[in-house]
Structures are given as C-alpha cells and as structure tokens.
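> This is the content of entry08.cif (mmCIF, C-alpha atoms):
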```
data_model
loop_
_atom_site.label_atom_id
_atom_site.label_comp_id
_atom_site.auth_asym_id
_atom_site.auth_seq_id
_atom_site.Cartn_x
_atom_site.Cartn_y
_atom_site.Cartn_z
CA MET R 1 113.54 139.30 80.35
CA GLY R 2 110.57 139.45 82.69
CA ASN R 3 108.24 139.76 79.68
CA MET R 4 109.87 136.94 77.73
CA THR R 5 107.39 134.64 76.00
CA HIS R 6 106.76 131.16 77.39
CA ALA R 7 108.48 129.33 74.52
CA ALA R 8 111.47 131.69 74.45
CA GLY R 9 111.81 131.42 78.21
CA ARG R 10 111.85 127.63 78.16
CA MET R 11 114.44 127.64 75.37
CA ALA R 12 116.66 130.07 77.29
CA ALA R 13 116.32 127.99 80.44
CA SER R 14 117.19 124.84 78.49
CA LYS R 15 120.39 126.42 77.19
CA ALA R 16 121.36 127.65 80.65
CA ILE R 17 120.82 124.17 82.10
CA ASP R 18 122.93 122.60 79.31
CA VAL R 19 125.84 124.81 80.35
CA VAL R 20 125.59 123.59 83.95
CA LEU R 21 125.32 119.92 82.96
CA LYS R 22 128.35 120.05 80.67
CA LYS R 23 130.68 121.88 83.03
CA VAL R 24 132.73 120.66 85.97
CA ASP R 25 134.51 122.30 88.91
CA LYS R 26 134.76 126.11 88.58
CA ASP R 27 133.03 126.15 85.20
CA ARG R 28 130.03 124.38 86.72
CA GLU R 29 129.91 126.95 89.51
CA ASN R 30 129.90 129.76 86.94
CA GLY R 31 127.13 127.98 85.05
CA MET R 32 125.03 127.73 88.21
CA LEU R 33 125.58 131.42 88.92
CA LYS R 34 124.39 132.28 85.42
CA LEU R 35 121.32 130.12 86.00
CA VAL R 36 120.59 132.22 89.11
CA ASP R 37 120.96 135.33 86.94
CA PHE R 38 118.43 133.87 84.49
CA VAL R 39 115.90 133.18 87.25
CA GLN R 40 116.30 136.66 88.71
CA ASN R 41 115.90 138.30 85.30
CA TYR R 42 112.93 136.15 84.29
CA MET R 43 111.09 137.01 87.52
CA SER R 44 112.17 140.66 87.52
CA ASP R 45 108.58 141.88 87.12
CA GLU R 46 107.29 139.69 89.96
CA LYS R 47 107.46 139.98 93.73
CA VAL R 48 109.74 137.13 94.82
CA ASP R 49 110.95 136.88 98.42
CA VAL R 50 114.38 135.49 97.54
CA ASN R 51 117.74 137.06 98.33
CA PHE R 52 119.54 136.21 95.08
CA ASP R 53 122.83 137.66 96.31
CA SER R 54 122.70 135.33 99.30
CA VAL R 55 122.11 132.38 96.96
CA ARG R 56 125.12 133.44 94.86
CA ASP R 57 127.29 133.66 97.96
CA ILE R 58 126.34 130.13 99.00
CA LEU R 59 126.97 128.77 95.48
CA SER R 60 130.36 130.48 95.34
CA ASP R 61 131.44 128.69 98.50
CA GLU R 62 132.58 125.27 97.30
CA ASN R 63 132.58 124.02 100.89
CA SER R 64 128.96 124.96 101.59
CA ALA R 65 126.50 122.12 102.08
CA PHE R 66 124.35 123.50 99.25
CA SER R 67 127.23 123.54 96.72
CA GLN R 68 128.23 120.01 97.67
CA TYR R 69 124.61 118.89 97.44
CA LEU R 70 124.20 120.32 93.93
CA ASN R 71 127.48 118.85 92.71
CA LYS R 72 126.47 115.45 94.01
CA VAL R 73 123.13 115.74 92.21
CA MET R 74 124.89 116.63 88.94
CA ASP R 75 127.41 113.80 89.34
CA GLU R 76 125.03 111.02 90.37
CA LEU R 77 121.73 111.65 88.59
CA ASP R 78 120.91 110.80 84.98
CA PRO R 79 121.49 113.98 82.88
CA HIS R 80 118.17 113.63 81.04
CA VAL R 81 116.32 113.32 84.36
CA VAL R 82 118.11 116.37 85.80
CA LYS R 83 117.40 118.54 82.77
CA THR R 84 113.77 117.45 82.44
CA MET R 85 113.04 118.12 86.12
CA LEU R 86 114.86 121.47 86.10
CA LEU R 87 112.84 122.54 83.07
CA ASN R 88 109.48 121.21 84.25
CA LEU R 89 109.66 121.84 87.99
CA GLY R 90 112.05 124.76 87.82
CA PHE R 91 111.02 126.74 84.75
CA GLU R 92 107.43 125.60 84.10
CA ALA R 93 106.18 125.28 87.69
CA PHE R 94 108.28 127.76 89.68
CA LEU R 95 108.78 130.48 87.07
CA HIS R 96 106.22 130.43 84.25
CA GLY R 97 103.60 128.72 86.42
CA THR R 98 103.92 131.24 89.25
CA LYS R 99 103.46 134.13 86.84
CA THR R 100 100.41 132.53 85.22
CA ILE R 101 98.82 131.53 88.52
CA ARG R 102 99.06 135.06 89.90
CA LYS R 103 97.38 136.46 86.79
CA MET R 104 94.65 133.82 87.00
CA ARG R 105 93.98 134.65 90.66
CA GLU R 106 93.38 138.26 89.66
CA THR R 107 91.21 137.25 86.69
CA HIS R 108 89.02 134.70 88.48
CA HIS R 109 89.04 136.14 92.04
CA CYS R 110 89.59 132.74 93.64
CA ASN R 111 92.42 130.55 94.81
CA ILE R 112 94.54 128.96 92.09
CA PRO R 113 96.86 126.28 93.51
CA TRP R 114 100.52 125.81 92.71
CA LEU R 115 100.17 122.01 92.82
CA ILE R 116 97.35 119.48 92.74
CA LEU R 117 97.38 116.23 94.70
CA MET R 118 95.46 113.32 93.10
CA ASP R 119 94.68 109.71 94.02
CA PRO R 120 94.72 107.54 90.88
CA THR R 121 93.41 104.65 93.00
CA SER R 122 92.40 103.78 96.55
CA ALA R 123 93.82 100.28 96.10
CA CYS R 124 97.01 99.35 97.93
CA ASN R 125 99.17 96.24 98.22
CA LEU R 126 99.89 96.97 101.91
CA HIS R 127 97.64 97.45 104.92
CA CYS R 128 99.48 99.89 107.16
CA THR R 129 98.26 100.62 110.66
CA GLY R 130 96.76 104.10 110.98
CA CYS R 131 96.66 104.90 107.26
CA TRP R 132 94.48 107.98 106.71
CA ALA R 133 93.66 106.83 103.17
CA ALA R 134 92.11 103.57 104.40
CA GLU R 135 88.85 105.44 105.02
CA TYR R 136 88.26 105.52 101.28
CA GLY R 137 88.26 101.73 100.89
CA ASN R 138 90.22 99.97 98.15
CA LYS R 139 87.96 99.90 95.10
CA LEU R 140 87.93 103.49 93.87
CA ASN R 141 89.75 104.64 90.73
CA LEU R 142 90.07 107.69 88.53
CA THR R 143 90.24 106.82 84.84
CA TYR R 144 93.28 107.81 82.81
CA GLU R 145 91.13 110.29 80.90
CA GLU R 146 89.94 111.91 84.15
CA LEU R 147 93.50 112.26 85.43
CA SER R 148 94.71 113.72 82.15
CA ASP R 149 91.78 116.13 81.92
CA VAL R 150 92.54 117.54 85.37
CA ILE R 151 96.13 118.18 84.23
CA LYS R 152 94.96 119.85 81.00
CA GLN R 153 92.66 122.15 82.95
CA GLY R 154 95.39 122.77 85.50
CA LYS R 155 97.98 123.79 82.90
CA ALA R 156 95.55 126.34 81.48
CA LEU R 157 95.57 127.93 84.95
CA GLY R 158 99.35 127.71 85.33
CA VAL R 159 99.60 124.48 87.35
CA TYR R 160 102.55 122.36 86.21
CA PHE R 161 103.23 120.25 89.33
CA TYR R 162 101.14 117.19 90.25
CA MET R 163 101.51 114.74 93.11
CA PHE R 164 99.97 111.28 93.32
CA THR R 165 98.86 109.57 96.51
CA GLY R 166 96.44 106.74 97.20
CA GLY R 167 96.10 103.96 97.95
CA GLU R 168 99.35 103.01 96.34
CA PRO R 169 99.74 105.06 93.13
CA LEU R 170 102.21 102.58 91.61
CA VAL R 171 99.33 100.09 91.32
CA ARG R 172 98.64 102.34 88.30
CA LYS R 173 102.28 102.80 87.26
CA LYS R 174 101.64 102.26 83.54
CA ASP R 175 99.09 105.07 83.57
CA LEU R 176 101.46 107.30 85.55
CA ILE R 177 104.17 106.85 82.91
CA ARG R 178 101.60 107.55 80.19
CA LEU R 179 100.64 110.80 81.95
CA CYS R 180 104.32 111.74 82.10
CA GLU R 181 104.57 111.16 78.35
CA GLU R 182 101.43 113.08 77.43
CA HIS R 183 102.20 116.00 79.72
CA ASN R 184 105.95 116.14 79.20
CA ASP R 185 106.07 119.79 80.30
CA CYS R 186 104.87 118.93 83.83
CA ALA R 187 106.64 117.60 86.91
CA PHE R 188 105.15 114.64 88.78
CA LEU R 189 105.83 113.10 92.17
CA ALA R 190 104.30 109.90 93.57
CA PHE R 191 104.08 109.08 97.28
CA THR R 192 104.75 105.35 97.37
CA ASN R 193 105.59 102.44 99.64
CA SER R 194 108.09 101.53 96.84
CA THR R 195 107.44 97.79 97.01
CA LEU R 196 106.33 97.81 93.35
CA VAL R 197 109.52 99.49 92.10
CA ASP R 198 111.50 97.20 89.80
CA GLU R 199 114.16 97.57 87.09
CA ASP R 200 111.61 97.92 84.28
CA PHE R 201 109.84 100.75 86.08
CA CYS R 202 113.17 102.46 86.73
CA GLN R 203 113.92 102.34 83.00
CA GLU R 204 110.53 103.90 82.24
CA MET R 205 111.10 106.65 84.83
CA LYS R 206 114.48 107.36 83.28
CA ARG R 207 112.98 107.51 79.79
CA VAL R 208 110.28 110.07 80.63
CA GLY R 209 112.46 111.98 83.10
CA ASN R 210 109.67 113.92 84.84
CA LEU R 211 108.60 111.57 87.63
CA ALA R 212 110.11 111.49 91.12
CA LEU R 213 109.19 109.29 94.08
CA ALA R 214 108.65 110.05 97.77
CA ILE R 215 109.10 106.75 99.61
CA SER R 216 107.25 106.15 102.87
CA LEU R 217 109.56 105.23 105.72
CA GLU R 218 109.07 105.18 109.49
CA GLY R 219 112.65 104.85 110.72
CA SER R 220 114.32 101.64 111.89
CA PRO R 221 113.44 98.23 110.40
CA GLU R 222 111.56 97.24 113.56
CA VAL R 223 109.46 100.42 113.77
CA ASN R 224 108.82 100.53 110.02
CA ASP R 225 107.71 96.90 109.71
CA LEU R 226 105.56 97.08 112.84
CA ARG R 227 103.29 99.50 111.00
CA ARG R 228 103.80 98.44 107.38
CA GLY R 229 104.36 94.69 107.54
CA GLU R 230 107.24 92.27 107.93
CA GLY R 231 109.98 92.60 105.31
CA VAL R 232 108.80 95.96 103.93
CA TYR R 233 111.89 97.84 105.21
CA ASN R 234 114.22 95.58 103.21
CA LYS R 235 112.05 96.06 100.12
CA VAL R 236 112.33 99.82 100.56
CA MET R 237 116.12 99.62 100.82
CA HIS R 238 116.21 97.50 97.64
CA ALA R 239 114.01 99.98 95.79
CA MET R 240 116.30 102.81 96.83
CA ASP R 241 119.30 100.91 95.53
CA LEU R 242 117.60 100.41 92.15
CA LEU R 243 116.60 104.06 91.91
CA LYS R 244 120.08 105.28 92.82
CA GLU R 245 121.75 102.92 90.32
CA ASN R 246 119.52 104.35 87.59
CA GLY R 247 120.24 107.98 88.50
CA LEU R 248 116.64 108.78 89.44
CA ILE R 249 115.26 111.44 91.79
CA PHE R 250 113.67 110.17 94.98
CA GLY R 251 113.37 110.98 98.64
CA THR R 252 111.42 109.94 101.69
CA SER R 253 107.98 110.73 103.07
CA ILE R 254 108.10 110.40 106.82
CA CYS R 255 105.18 110.45 109.24
CA TYR R 256 106.72 111.36 112.59
CA THR R 257 104.97 110.60 115.86
CA SER R 258 105.63 110.88 119.58
CA LYS R 259 107.32 107.48 119.34
CA ASN R 260 109.68 107.92 116.36
CA CYS R 261 110.33 111.67 116.03
CA GLU R 262 113.88 111.43 117.37
CA SER R 263 114.91 108.35 115.39
CA VAL R 264 113.73 109.69 112.00
CA THR R 265 115.64 112.93 112.52
CA SER R 266 118.81 111.40 113.98
CA LYS R 267 122.17 112.01 112.32
CA GLU R 268 122.50 108.27 111.69
CA PHE R 269 119.15 108.11 109.89
CA VAL R 270 119.90 111.17 107.77
CA LYS R 271 123.34 109.80 106.86
CA LEU R 272 121.77 106.51 105.76
CA MET R 273 119.23 108.33 103.56
CA VAL R 274 121.98 110.39 101.92
CA GLU R 275 124.10 107.29 101.29
CA LYS R 276 121.08 105.54 99.75
CA GLY R 277 120.65 108.38 97.25
CA CYS R 278 117.73 110.29 98.75
CA ARG R 279 117.66 113.93 97.65
CA PHE R 280 114.89 115.14 99.94
CA ALA R 281 112.85 114.18 102.99
CA MET R 282 109.26 115.31 103.53
CA TYR R 283 108.25 115.25 107.19
CA PHE R 284 104.57 115.16 108.19
CA HIS R 285 103.57 115.11 111.82
CA TYR R 286 101.01 112.48 112.74
CA MET R 287 97.39 113.53 112.22
CA PRO R 288 94.71 111.44 114.02
CA VAL R 289 92.38 111.00 111.04
CA GLY R 290 89.59 108.40 111.27
CA ASN R 291 87.37 106.97 114.00
CA ASP R 292 90.00 104.64 115.48
CA ALA R 293 92.96 106.98 115.22
CA SER R 294 95.38 106.84 118.15
CA THR R 295 95.88 110.09 120.04
CA GLU R 296 98.85 108.59 121.90
CA LEU R 297 100.96 109.13 118.78
CA LEU R 298 100.38 112.91 118.82
CA LEU R 299 103.52 114.90 119.55
CA THR R 300 103.93 117.00 122.62
CA PRO R 301 104.58 120.73 122.10
CA GLU R 302 108.19 120.14 123.11
CA GLN R 303 108.58 117.38 120.52
CA ARG R 304 107.16 119.61 117.78
CA ILE R 305 109.67 122.33 118.64
CA TYR R 306 112.49 119.77 118.62
CA VAL R 307 111.52 118.47 115.16
CA LYS R 308 111.09 121.99 113.78
CA ASP R 309 114.59 122.95 114.87
CA ARG R 310 116.16 119.66 113.84
CA VAL R 311 114.65 119.66 110.32
CA ARG R 312 116.01 123.15 109.74
CA GLU R 313 119.41 122.11 111.07
CA ILE R 314 119.57 119.23 108.57
CA ARG R 315 118.80 121.45 105.57
CA ARG R 316 120.99 124.45 106.39
CA LEU R 317 122.53 125.69 103.16
CA LYS R 318 125.90 126.51 104.68
CA ASP R 319 126.56 123.56 106.96
CA GLY R 320 123.62 121.15 106.64
CA GLU R 321 123.76 117.38 106.26
CA GLY R 322 123.27 116.90 102.51
CA LEU R 323 119.50 116.32 102.49
CA PHE R 324 116.83 118.85 101.54
CA THR R 325 114.18 118.59 104.25
CA MET R 326 110.64 119.96 104.43
CA ASP R 327 108.20 119.88 107.32
CA PHE R 328 104.62 120.10 106.10
CA GLN R 329 103.25 121.74 109.24
CA ASN R 330 106.23 123.41 110.94
CA ASP R 331 107.45 125.16 107.78
CA GLY R 332 104.17 127.02 107.44
CA GLU R 333 105.89 130.33 108.21
CA PHE R 334 107.78 130.15 104.91
CA VAL R 335 104.59 129.88 102.81
CA GLY R 336 102.33 132.26 104.69
CA GLY R 337 100.46 129.70 106.78
CA CYS R 338 97.87 127.17 105.63
CA ILE R 339 98.19 126.27 101.94
CA ALA R 340 94.94 124.25 101.73
CA GLY R 341 91.70 125.03 99.93
CA GLY R 342 93.48 125.71 96.66
CA ARG R 343 95.62 128.52 98.07
CA ASN R 344 98.67 126.51 97.08
CA TYR R 345 97.22 123.00 96.83
CA PHE R 346 94.14 120.81 97.17
CA HIS R 347 93.36 117.09 97.00
CA ILE R 348 91.29 115.02 94.56
CA ASN R 349 90.51 111.57 95.96
CA ALA R 350 90.00 108.40 93.94
CA ASN R 351 86.25 109.05 93.81
CA GLY R 352 86.87 112.41 92.13
CA ASP R 353 85.87 114.43 95.19
CA ALA R 354 87.79 117.69 95.58
CA GLU R 355 88.91 118.11 99.18
CA PRO R 356 90.57 121.26 100.57
CA CYS R 357 93.28 119.22 102.28
CA VAL R 358 94.43 115.61 102.23
CA PHE R 359 93.62 115.41 105.94
CA ILE R 360 90.09 116.82 105.55
CA HIS R 361 87.77 114.20 104.07
CA TYR R 362 84.97 116.54 103.09
CA SER R 363 83.94 117.84 99.68
CA ASP R 364 81.21 119.85 98.00
CA ALA R 365 82.37 119.30 94.39
CA ASN R 366 83.57 116.47 92.15
CA ILE R 367 85.73 116.52 89.02
CA ARG R 368 83.09 114.40 87.24
CA THR R 369 80.49 117.14 87.63
CA HIS R 370 82.60 120.29 88.03
CA SER R 371 85.50 121.92 86.21
CA LEU R 372 88.58 122.91 88.19
CA LEU R 373 87.47 126.54 88.16
CA GLU R 374 84.00 125.60 89.38
CA ILE R 375 85.61 123.61 92.20
CA LEU R 376 87.85 126.52 93.19
CA LYS R 377 84.81 128.84 93.17
CA SER R 378 82.61 126.43 95.15
CA PRO R 379 81.31 127.64 98.56
CA LEU R 380 83.76 125.44 100.49
CA PHE R 381 86.84 126.56 98.57
CA MET R 382 85.75 130.21 98.54
CA ALA R 383 85.43 130.05 102.33
CA TYR R 384 89.12 129.14 102.41
CA HIS R 385 89.94 131.91 99.95
CA ASP R 386 88.07 134.51 101.98
CA GLY R 387 89.36 133.30 105.35
CA GLN R 388 93.08 132.99 104.64
CA PRO R 389 95.27 133.85 106.44
CA PHE R 390 93.39 132.35 109.38
CA ASN R 391 95.25 134.27 112.09
CA GLU R 392 97.33 137.40 112.56
CA SER R 393 100.61 135.51 112.98
CA SER R 394 100.68 134.62 109.27
CA ALA R 395 99.29 137.89 107.94
CA SER R 396 102.73 139.42 107.41
CA LEU R 397 104.25 136.32 105.82
CA PRO R 398 104.82 135.76 102.07
CA ASP R 399 101.80 135.77 99.78
CA ALA R 400 100.51 132.49 98.36
CA GLY R 401 102.83 131.19 95.69
CA GLU R 402 105.89 132.65 97.36
CA SER R 403 108.45 131.13 99.67
CA ARG R 404 111.05 132.79 101.80
CA VAL R 405 114.61 131.62 101.08
CA SER R 406 117.12 132.03 103.88
CA ALA R 407 120.79 131.20 103.60
CA GLU R 408 120.79 130.11 107.23
CA ASP R 409 118.11 127.44 107.21
CA GLY R 410 117.32 126.93 103.53
CA GLY R 411 113.64 127.65 104.10
#
```
Would you mind writing the structure in this file as structure tokens?

Amino acid sequence: MGNMTHAAGRMAASKAIDVVLKKVDKDRENGMLKLVDFVQNYMSDEKVDVNFDSVRDILSDENSAFSQYLNKVMDELDPHVVKTMLLNLGFEAFLHGTKTIRKMRETHHCNIPWLILMDPTSACNLHCTGCWAAEYGNKLNLTYEELSDVIKQGKALGVYFYMFTGGEPLVRKKDLIRLCEEHNDCAFLAFTNSTLVDEDFCQEMKRVGNLALAISLEGSPEVNDLRRGEGVYNKVMHAMDLLKENGLIFGTSICYTSKNCESVTSKEFVKLMVEKGCRFAMYFHYMPVGNDASTELLLTPEQRIYVKDRVREIRRLKDGEGLFTMDFQNDGEFVGGCIAGGRNYFHINANGDAEPCVFIHYSDANIRTHSLLEILKSPLFMAYHDGQPFNESSASLPDAGESRVSAEDGG
C-alpha cells in the first residue's frame, strides 16, 4: 500500500474514516484500529518514528484518556467537519504530503516546509499590549490571488496545511472561506481573538469543513482583559459556545509569561477549556519582540521546566486531562529542534515578505517577486538549511517532517 496512488489513497482513507464515523462502542474501536492499520500500511515505505503497536494498545483501552478524547470528538463534532479534517490534515498533510515533501527535498536540495504560516492582513480590531505583530502596522494586506497562489505552489511541493495569523485574520473571513472552498483538499487554521465569530461564520465553517480556529486566551478574565481590552474574555467565551454548538474544531493559543504560566496550565483552567469544547491548546512562551518589549515577562528557567512538565502531563495518552496540548518551544525535542527557515515551517507577512520564523522580522525575499522555491533557495533560507540542527543535542532527534509519538506523554 506504500506505493498507492494519491487518488486511490484518499479514496481508501475516506472509506476507512466512514467506518469510524458510522460505528459506536466496540465497533468504533475496531474501526479506529483499522484506520491505524491503514496509516501504517500507507507509510510502510517511509521512515516514521511512531510505535503503531503502542497506539493500538492505547486505543484498545476504553478507559485511556486518548480513547475517551477520540470518542468525545466523534460524538460532539459535526461529521462532515471530522471527515474533511481527517482527510485533509490526516491523509493529505500527514501522509501524502510527508511523502511528497521528502521527495521534493531530495529533488531541490533545500528545505520544504510541512506548513506555511501567512498573514492575510496586518489589520486588527483589538490593540493588545505586547503584540509582536503590531510592528507591521495595520494597513498591509495580501490579495486573495496572492494567498491562493502561495497555496497552489505549496501543494505542488506537498504542503497541504496552512495557518493564518495577522493582524486579525477574521477581518478577511470571507476570503478565508473562499480559500477553503478553492483548496478543499487542504487543512487551514486561523489564530484569532475570536471577537468576530458569529453564527453566520460558524455556518460557513461547517459548510467548508476544513477550517479550525486557535483562539487567543491569557487565562482569567482579569489577566486576559488587562492585555486585550475590557469585555474581550466574555466575547471569547461566547465564541467558544457558538463553535461548540455547531460542532466545529477549535482550541486555544496561549502566550504564557512569568506572570500567568501557572494559571494557564492549572487543572481548573484545563477543565474549563475542555468543557467549552476546546480540542487542543497551543502554548507559546513569551518572546520579547519589538523595541518596547518587556523582559520582566520572560520565564525563569524553573518556570520553563514547570510548564514543560505540566503540558506533557495534561496530554498524556493514558491518563491525561482530555486536551491535546503542544508547547511551541519546549516540545522541540519531538521534531528535531528548530523548525524555522522552511525546515518544517516559515512565515509570510502581510507585505509578502518571507520570514524564517514568525518571531524573526527579517526577510531577503518576497512572494511578489519570488516563487516559493526561489524563497526556499534564497541565501537566508539556505543558511537555515545548511545550519540545522544548530547544536549537538538535537542531532540524534527525528528528521524534519517526523515526530516522535510516545504513549506516555503523547508527544
């Protein structure tokens, strides 16, 4: 099955997903196990650092946190949304995309990313303290045609996963839905303050099925609104209620600092997120970007270790807390270190400048003057390609495009 054609592979994946969606109880478990078999067979000719037997053991344990998590997803999410995301993020991005990307890296002798991060606009309806994106101003925009062209070029290289930041990407929500329609084989995720989420937008998300949201949240109402503005926390809670009622996929994007790192990882906070319908939480430790950035918010080494351990505790597959958590910096060991410079991702800002990382506001190429391949072969991006891994501690970790899956921590 490893040499199965793209179209035949997608069709087989679609049928396997249908079995899971239609079954309940033990039949659903058997369907999930067969889906694991499909993934293992499809990737049989690739190096994948996943213990499939361990995954089967966890799925076979109906009391495991992972089994309960998956059953809750199947019971609560819209079936069309589940199937579309499993096909686009699961089959296209993780399976077919990984195969294609690895071949393209060998062909072109440069980094080919697994995902591309784009800013449709620098405009935002909020003015949050310490926002790294504020450096760009609020009047920059990529046209719909420019956004779509990046995706077309990306798919030719095997890239089927695209994230939107800003600014506030939902300022351009009609264009985002249009991109989802045109590129209905891709998976999309928008980082958003969620204040522009309404019932009409939820209906559009449900119709296309391939857009998820990562909602910015800082913890308690007081802490959140201190940075984001009075009343924003309640708007976020309302948006979550709408998204959950419509069976849509969403989670949180959390910037943790020396001041809030314990509150945003507390059991109470995690329980609230699960009850609200969040399926994941992306944790990013505070980065002092910009001339007036506060260094007081930087974490101490002890705080970083605490968050690392706590995030892994929350997501444990056997006895975790029902929320899939990721830590952008502290989970580096599972992806072989730094993923910037196109190794697994890069950033295109609202001016079209290609930046190696969302936190590095420097570019030597622009999508308006360079193709994606020209960008990835530019001097700046090739310096990343030639320099990675940047230290010996990550040299023995998984290659780019791989991730290490452990039954203990779910990494």
> Pick the closest to Lys271 of chain R from R:Asp198, R:Met240, R:Ile314, R:Val232: which is it, counting all atoms listed in the file?
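The shortest atom-to-atom distance to Lys271 of chain R comes from R:Ile314.
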> Which one is closest to Ser194 of chain R: R:Val208, R:Ile360, R:Met237, R:Val36? Count only C-alpha atoms.
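Result for the nearest residue to Ser194 of chain R: R:Met237.
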> Identify, on the basis of all atoms listed in the file, every residue whose closest approach to segment 170-175 of chain R does not exceed 9 Å; exclude the query and any residue fewer than 3 positions from it along the same chain; express the result as a list in words.
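Counting all atoms listed in the file, the residues come to Pro120, Thr121, Ala123, Cys124, Asn125, Tyr144, Gly167, Arg178, Leu179, Cys180, Ala190, Phe191, Thr192, Asn193, Ser194, Thr195, Leu196, Val197 and Phe201 of chain R.
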> Nearest to Ile112 of chain R: which of R:Pro79, R:Gly154, R:Gly209, R:Gly277 is it, counting only C-alpha atoms?
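Result for the nearest residue to Ile112 of chain R: R:Gly154.
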> Could you name the residues that touch Gly97 of chain R at 9 Å or less, counting all atoms listed in the file, but leaving out those on the same chain fewer than 5 positions away, as a list in words?
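Answer for this query is Phe91, Glu92, Arg102, Trp114, Lys155, Leu157, Gly158, Val159, Tyr160 and Phe161 of chain R.
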> So that I have them on file, write out the residues from the current selection with C-alpha atoms, as a PDB file, keeping the file's coordinate frame.

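Below is the file out-v8.pdb, written as the result:
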```
ATOM      1  CA  PHE R  91     111.020 126.740  84.750  1.00  0.00           C
ATOM      2  CA  GLU R  92     107.430 125.600  84.100  1.00  0.00           C
ATOM      3  CA  ARG R 102      99.060 135.060  89.900  1.00  0.00           C
ATOM      4  CA  TRP R 114     100.520 125.810  92.710  1.00  0.00           C
ATOM      5  CA  LYS R 155      97.980 123.790  82.900  1.00  0.00           C
ATOM      6  CA  LEU R 157      95.570 127.930  84.950  1.00  0.00           C
ATOM      7  CA  GLY R 158      99.350 127.710  85.330  1.00  0.00           C
ATOM      8  CA  VAL R 159      99.600 124.480  87.350  1.00  0.00           C
ATOM      9  CA  TYR R 160     102.550 122.360  86.210  1.00  0.00           C
ATOM     10  CA  PHE R 161     103.230 120.250  89.330  1.00  0.00           C
TER      11      PHE R 161
END
```
> Give me the segment 46-119 of chain R side of the contact with segment 20-29 of chain R, cut-off 10 Å, one line per residue showing its nearest atom pair and distance in Å at one decimal, counting all atoms listed in the file, sorted by chain and residue number, as a tab-separated table.

```
residue	atom	partner	partner_atom	distance
R:Arg56	CA	R:Glu29	CA	9.7
R:Leu59	CA	R:Glu29	CA	6.9
R:Ser60	CA	R:Glu29	CA	6.8
R:Asp61	CA	R:Glu29	CA	9.3
R:Glu62	CA	R:Glu29	CA	8.4
R:Ser67	CA	R:Glu29	CA	8.4
R:Leu70	CA	R:Glu29	CA	9.8
R:Asn71	CA	R:Arg28	CA	8.5
R:Met74	CA	R:Leu21	CA	6.8
R:Asp75	CA	R:Leu21	CA	9.1
R:Pro79	CA	R:Leu21	CA	7.1
R:His80	CA	R:Leu21	CA	9.7
R:Val82	CA	R:Leu21	CA	8.5
R:Lys83	CA	R:Leu21	CA	8.0
```
> Rounded to one decimal place, report the atom CA of Glu355 of chain R-atom CA of His108 of chain R distance in Å.
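Atom CA of His108 of chain R lies 19.7 Å from atom CA of Glu355 of chain R.
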> Taking into account all atoms listed in the file, which residue in the set R:Leu372, R:Ala12, R:Leu189, R:Ile177 is nearest to Tyr162 of chain R?
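Answer, going by the shortest atom-to-atom distance: R:Leu189.
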> Expressed in Å to a single decimal, how great is the separation between atom CA of Val274 of chain R and atom CA of Lys259 of chain R?
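Atom CA of Lys259 of chain R lies at a distance of 23.0 Å from atom CA of Val274 of chain R.
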> Just how far from atom CA of Leu117 of chain R is atom CA of Cys338 of chain R, in Å to one decimal?
15.5 Å
> Carefully work through the PyMOL selection byres ((chain R and resi 382) around 12) for this structure and note down the residues it includes, as a list in words.
His108, His109, Cys110, Asn111, Ile112, Ala340, Gly341, Gly342, Arg343, Pro356, Asp364, Leu373, Glu374, Ile375, Leu376, Lys377, Ser378, Pro379, Leu380, Phe381, Ala383, Tyr384, His385, Asp386, Gly387 and Gln388 of chain R
> Just checking: using all atoms listed in the file, which residue out of R:Asn63, R:Asp53, R:Leu87, R:Cys278 ends up closest to Lys15 of chain R?
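Distance minimum relative to Lys15 of chain R lands on R:Leu87.
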> Could you tell me, as a CSV table (one decimal) with C-alpha atoms, keeping the file's coordinate frame, exactly which residues end up selected when the PyMOL selection byres ((chain R and resi 359) around 8) is applied to this structure?

```csv
chain,number,residue,atom,x,y,z
R,132,TRP,CA,94.5,108.0,106.7
R,287,MET,CA,97.4,113.5,112.2
R,289,VAL,CA,92.4,111.0,111.0
R,357,CYS,CA,93.3,119.2,102.3
R,358,VAL,CA,94.4,115.6,102.2
R,360,ILE,CA,90.1,116.8,105.6
R,361,HIS,CA,87.8,114.2,104.1
```
> Please list as a ChimeraX atom specification every residue within 10 Å of Arg304 of chain R, counting only C-alpha atoms and excluding residues in the same chain fewer than 2 positions away.
/R:256-258,261,285,298-302,306-310,329-330
> Suppose a student applies the PyMOL selection byres ((chain R and resi 348) around 10) to this structure; what residues should they get, written as a ChimeraX atom specification?
/R:116-120,142,147,150,164-165,346-347,349-358,363,365-367
> Any chance you can output those residues with C-alpha atoms as a tab-separated table (two decimals), in the frame of the given file?

```
chain	number	residue	atom	x	y	z
R	116	ILE	CA	97.35	119.48	92.74
R	117	LEU	CA	97.38	116.23	94.70
R	118	MET	CA	95.46	113.32	93.10
R	119	ASP	CA	94.68	109.71	94.02
R	120	PRO	CA	94.72	107.54	90.88
R	142	LEU	CA	90.07	107.69	88.53
R	147	LEU	CA	93.50	112.26	85.43
R	150	VAL	CA	92.54	117.54	85.37
R	164	PHE	CA	99.97	111.28	93.32
R	165	THR	CA	98.86	109.57	96.51
R	346	PHE	CA	94.14	120.81	97.17
R	347	HIS	CA	93.36	117.09	97.00
R	349	ASN	CA	90.51	111.57	95.96
R	350	ALA	CA	90.00	108.40	93.94
R	351	ASN	CA	86.25	109.05	93.81
R	352	GLY	CA	86.87	112.41	92.13
R	353	ASP	CA	85.87	114.43	95.19
R	354	ALA	CA	87.79	117.69	95.58
R	355	GLU	CA	88.91	118.11	99.18
R	356	PRO	CA	90.57	121.26	100.57
R	357	CYS	CA	93.28	119.22	102.28
R	358	VAL	CA	94.43	115.61	102.23
R	363	SER	CA	83.94	117.84	99.68
R	365	ALA	CA	82.37	119.30	94.39
R	366	ASN	CA	83.57	116.47	92.15
R	367	ILE	CA	85.73	116.52	89.02
```
> If the box runs along x, y and z of the file and leaves 8 Å on each side of segment 319-335 of chain R, what are its centre and edge lengths in Å, one decimal, as lines of an AutoDock Vina configuration file?

```
center_x = 114.9
center_y = 123.3
center_z = 106.2
size_x = 39.3
size_y = 30.0
size_z = 25.4
```
> Would you mind telling me which residue in R:Cys202, R:Val48, R:Met326, R:Ala156 lies nearest to Met104 of chain R when using all atoms listed in the file?
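Checking each candidate against Met104 of chain R, we get R:Ala156 as the closest.
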> Please identify all polymer residues within 9 Å of Leu86 of chain R, counting all atoms listed in the file, omitting same-chain residues fewer than 6 positions from it, and present them as a short mmCIF file (atom, residue, chain, number, x, y, z; two decimals) with C-alpha atoms, in the coordinates of the input.

```cif
data_model
loop_
_atom_site.label_atom_id
_atom_site.label_comp_id
_atom_site.auth_asym_id
_atom_site.auth_seq_id
_atom_site.Cartn_x
_atom_site.Cartn_y
_atom_site.Cartn_z
CA ALA R 13 116.32 127.99 80.44
CA SER R 14 117.19 124.84 78.49
CA ILE R 17 120.82 124.17 82.10
CA GLU R 92 107.43 125.60 84.10
#
```
